[in-house]
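Structure data follow from run.tsv (TSV, C-alpha atoms):
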chain	number	residue	atom	x	y	z
A	1	MET	CA	104.43	87.40	73.03
A	2	ILE	CA	107.42	85.31	72.16
A	3	ASN	CA	110.37	86.50	70.11
A	4	HIS	CA	110.89	83.71	67.57
A	5	ASN	CA	114.20	85.22	66.43
A	6	GLY	CA	115.83	85.30	69.83
A	7	LEU	CA	115.27	85.47	73.54
A	8	THR	CA	112.15	86.82	75.23
A	9	ILE	CA	112.37	88.05	78.82
A	10	TYR	CA	109.62	89.22	81.15
A	11	THR	CA	110.56	90.94	84.41
A	12	ASP	CA	108.91	92.40	87.48
A	13	GLY	CA	109.89	93.76	90.88
A	14	ALA	CA	107.95	94.21	94.09
A	15	ALA	CA	108.40	95.81	97.48
A	16	ARG	CA	106.38	95.39	100.66
A	17	GLY	CA	106.57	99.01	101.69
A	18	ASN	CA	108.80	101.40	99.84
A	19	PRO	CA	111.34	100.86	101.29
A	20	GLY	CA	110.65	97.43	102.68
A	21	ARG	CA	111.09	93.76	101.91
A	22	GLY	CA	111.48	93.32	98.18
A	23	GLY	CA	111.69	90.74	95.47
A	24	TYR	CA	112.16	90.28	91.76
A	25	GLY	CA	111.04	87.72	89.24
A	26	ALA	CA	111.90	87.02	85.63
A	27	ILE	CA	110.92	84.56	82.94
A	28	LEU	CA	113.32	83.77	80.11
A	29	MET	CA	111.97	82.05	76.99
A	30	TRP	CA	114.15	80.63	74.25
A	31	LYS	CA	112.51	78.44	71.62
A	32	ASN	CA	110.68	75.79	73.69
A	33	GLU	CA	112.64	76.40	76.89
A	34	ILE	CA	111.33	78.47	79.81
A	35	LYS	CA	113.38	79.44	82.85
A	36	GLU	CA	112.09	81.29	85.92
A	37	ILE	CA	114.35	83.16	88.34
A	38	SER	CA	113.64	85.16	91.48
A	39	GLY	CA	115.25	86.57	94.59
A	40	GLY	CA	114.44	88.70	97.60
A	41	PHE	CA	115.98	91.39	99.78
A	42	THR	CA	115.40	92.53	103.35
A	43	HIS	CA	115.24	96.27	102.80
A	44	THR	CA	114.96	97.82	99.35
A	45	THR	CA	112.63	99.76	97.03
A	46	ASN	CA	110.26	98.88	94.24
A	47	ASN	CA	112.38	100.64	91.58
A	48	ARG	CA	115.48	98.78	92.71
A	49	MET	CA	113.64	95.47	92.40
A	50	GLU	CA	112.29	96.37	88.95
A	51	LEU	CA	115.85	97.03	87.83
A	52	MET	CA	117.23	94.01	89.71
A	53	SER	CA	114.84	91.73	87.84
A	54	VAL	CA	116.37	92.86	84.55
A	55	ILE	CA	119.93	92.54	85.89
A	56	ALA	CA	119.31	89.04	87.24
A	57	ALA	CA	117.80	87.91	83.95
A	58	LEU	CA	120.67	89.29	81.86
A	59	ASP	CA	123.27	88.06	84.34
A	60	SER	CA	121.91	84.51	84.02
A	61	LEU	CA	122.72	84.37	80.30
A	62	LYS	CA	125.63	82.23	79.20
A	63	ARG	CA	126.17	83.93	75.81
A	64	THR	CA	126.56	87.47	74.59
A	65	GLY	CA	125.31	89.10	71.41
A	66	LEU	CA	121.74	87.90	71.77
A	67	HIS	CA	118.68	89.55	70.23
A	68	ILE	CA	116.37	90.10	73.19
A	69	GLU	CA	112.87	91.41	73.57
A	70	LEU	CA	112.49	92.44	77.19
A	71	TYR	CA	109.04	93.17	78.62
A	72	SER	CA	108.66	95.17	81.82
A	73	ASP	CA	105.79	96.97	83.52
A	74	SER	CA	108.28	99.48	84.93
A	75	LYS	CA	108.17	102.80	83.12
A	76	TYR	CA	111.20	103.75	85.21
A	77	VAL	CA	113.30	101.02	83.56
A	78	VAL	CA	111.81	101.10	80.06
A	79	GLN	CA	111.90	104.88	79.69
A	80	ALA	CA	115.41	105.15	81.14
A	81	VAL	CA	116.62	103.02	78.24
A	82	ASN	CA	114.24	103.96	75.43
A	83	GLU	CA	114.29	107.71	76.07
A	84	GLY	CA	118.06	107.94	76.49
A	85	TRP	CA	118.03	108.91	80.16
A	86	LEU	CA	120.49	106.18	81.07
A	87	GLU	CA	123.02	107.25	78.42
A	88	ASN	CA	122.91	110.76	79.86
A	89	TRP	CA	123.22	109.49	83.43
A	90	ILE	CA	126.28	107.45	82.44
A	91	LYS	CA	127.89	110.42	80.63
A	92	THR	CA	127.39	112.69	83.65
A	93	ASP	CA	128.21	110.00	86.24
A	94	PHE	CA	124.70	110.32	87.65
A	95	LYS	CA	125.14	114.03	88.42
A	96	GLY	CA	122.36	115.50	90.50
A	97	GLY	CA	122.02	112.51	92.81
A	98	LYS	CA	120.19	110.11	90.50
A	99	LYS	CA	119.13	107.08	92.51
A	100	ASN	CA	120.25	103.48	92.09
A	101	LYS	CA	123.60	104.32	90.51
A	102	ASP	CA	125.05	100.98	91.61
A	103	LEU	CA	122.35	98.97	89.84
A	104	TRP	CA	122.26	101.14	86.73
A	105	LYS	CA	126.02	100.67	86.31
A	106	ARG	CA	125.64	96.88	86.68
A	107	PHE	CA	122.76	96.91	84.21
A	108	TYR	CA	124.65	99.05	81.69
A	109	LEU	CA	127.55	96.58	81.48
A	110	LEU	CA	125.13	93.71	80.80
A	111	PHE	CA	122.96	95.78	78.42
A	112	LYS	CA	125.95	96.55	76.17
A	113	GLN	CA	126.57	92.80	75.62
A	114	HIS	CA	123.29	92.27	73.72
A	115	GLN	CA	120.81	93.86	71.35
A	116	ILE	CA	117.82	94.51	73.58
A	117	LYS	CA	114.45	95.94	72.64
A	118	PHE	CA	112.60	97.18	75.73
A	119	ILE	CA	108.82	96.94	75.62
A	120	TRP	CA	106.53	98.34	78.28
A	121	VAL	CA	103.59	96.15	79.28
A	122	LYS	CA	100.75	97.22	81.53
A	123	GLY	CA	101.16	95.65	84.96
A	124	HIS	CA	98.47	93.63	86.68
A	125	ALA	CA	96.55	93.33	83.42
A	126	SER	CA	95.87	90.18	81.44
A	127	ASN	CA	99.41	89.26	80.40
A	128	PRO	CA	100.12	85.82	81.91
A	129	TYR	CA	103.92	86.21	81.79
A	130	ASN	CA	103.81	89.56	83.57
A	131	GLN	CA	101.41	88.11	86.14
A	132	ARG	CA	103.73	85.16	86.73
A	133	CYS	CA	106.69	87.49	87.22
A	134	ASP	CA	104.65	89.41	89.78
A	135	GLU	CA	103.92	86.13	91.60
A	136	LEU	CA	107.63	85.26	91.60
A	137	ALA	CA	108.60	88.74	92.85
A	138	THR	CA	106.03	88.88	95.66
A	139	ALA	CA	106.78	85.31	96.76
A	140	ALA	CA	110.48	86.20	96.92
A	141	ALA	CA	109.72	89.34	98.95
A	142	ASP	CA	107.63	87.26	101.36
A	143	GLY	CA	110.21	84.48	101.56
A	144	ASN	CA	112.66	83.55	104.29
A	145	ASN	CA	115.91	83.58	102.29
A	146	LEU	CA	116.28	87.33	101.90
A	147	GLU	CA	119.60	88.99	101.09
A	148	GLU	CA	120.73	92.42	102.21
A	149	ASP	CA	120.52	95.04	99.45
A	150	LYS	CA	123.91	96.55	100.25
A	151	GLY	CA	123.60	99.10	97.46
A	152	TYR	CA	120.46	100.46	99.05
A	153	THR	CA	121.68	100.44	102.64
A	154	GLU	CA	125.03	102.05	101.71
A	155	SER	CA	123.38	104.86	99.74
A	156	ASN	CA	120.85	105.77	102.46
Here is the file; what I need is its structure written in the form of structure tokens.
Amino acid sequence: MINHNGLTIYTDGAARGNPGRGGYGAILMWKNEIKEISGGFTHTTNNRMELMSVIAALDSLKRTGLHIELYSDSKYVVQAVNEGWLENWIKTDFKGGKKNKDLWKRFYLLFKQHQIKFIWVKGHASNPYNQRCDELATAAADGNNLEEDKGYTESN
């Protein structure tokens, strides 16, 4: 599924244990161009990597004001945006101990720079872009160049 009127992004996150080693992967498609990005962390969670995949993809953009269709197999991410949870979390400054405040705040700043339609896609099904993102995320989690997820270690 490619958005012919703008940018299409597929994202996925993975963790080896929860918490454990983690990684994210994203594919960005614009016209005939395809870009893959990924990264890994020493100690993190699956939800953090799902969200980090979206942040990394949006952070890699050089322009603002784009029309984006973003596909994710994370109900946590898609529902937080589509069902208004994130807006409420922002208004209440994450009252009640909502997790991943650091990443949600980073995401929110990037999210506001574009017009993004979030679309949930079933994970580990027959979608080749979602499968490729999973490969990128798991390879990053299994890699040797892992960063420290300071947001996770500082909040736990």
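The closest residue to A:Gly151, picked from A:Met49, A:Leu109, A:Leu70, A:Ile9 and counting only C-alpha atoms, is A:Met49.
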- Item | Counting only C-alpha atoms, the residue of A:Arg63, A:Tyr108, A:Ala14, A:Ile119 that sits nearest A:Gly40 | A:Ala14
- Item | Minimum-distance residue to A:Asn82, chosen among A:Tyr10, A:Phe94, A:Trp120, A:Phe107 (using only C-alpha atoms) |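 Under the stated criterion, the closest residue is A:Trp120.
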- Pick out the closest residue to A:Thr44 from this set: A:Asn100, A:Asn88, A:Ser60, A:Ser126. Count all atoms listed in the file.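 Of A:Asn100, A:Asn88, A:Ser60, A:Ser126, the one nearest A:Thr44, counting all atoms listed in the file, is A:Asn100.
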- Task: Grab the atom CA of A:Arg21 to atom CA of A:Gly97 distance for me, in Å with one decimal place.
- Result: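 A separation of 23.5 Å between them.
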- Task: For A:Ala57, please output as a VMD selection string all residues within 9 Å (counting all atoms listed in the file; exclusion window: fewer than 3 positions along the same chain).
- Result: chain A and resid 9 to 11 25 to 28 36 to 37 52 to 54 60 to 61
Around stretch 86-99 of chain A, fit a box with edges along x, y and z, padding it by 6 Å on each side, then list its centre and edge lengths in Å to one decimal as JSON.
{"center_x": 123.7, "center_y": 110.8, "center_z": 85.6, "size_x": 21.1, "size_y": 21.3, "size_z": 26.4}
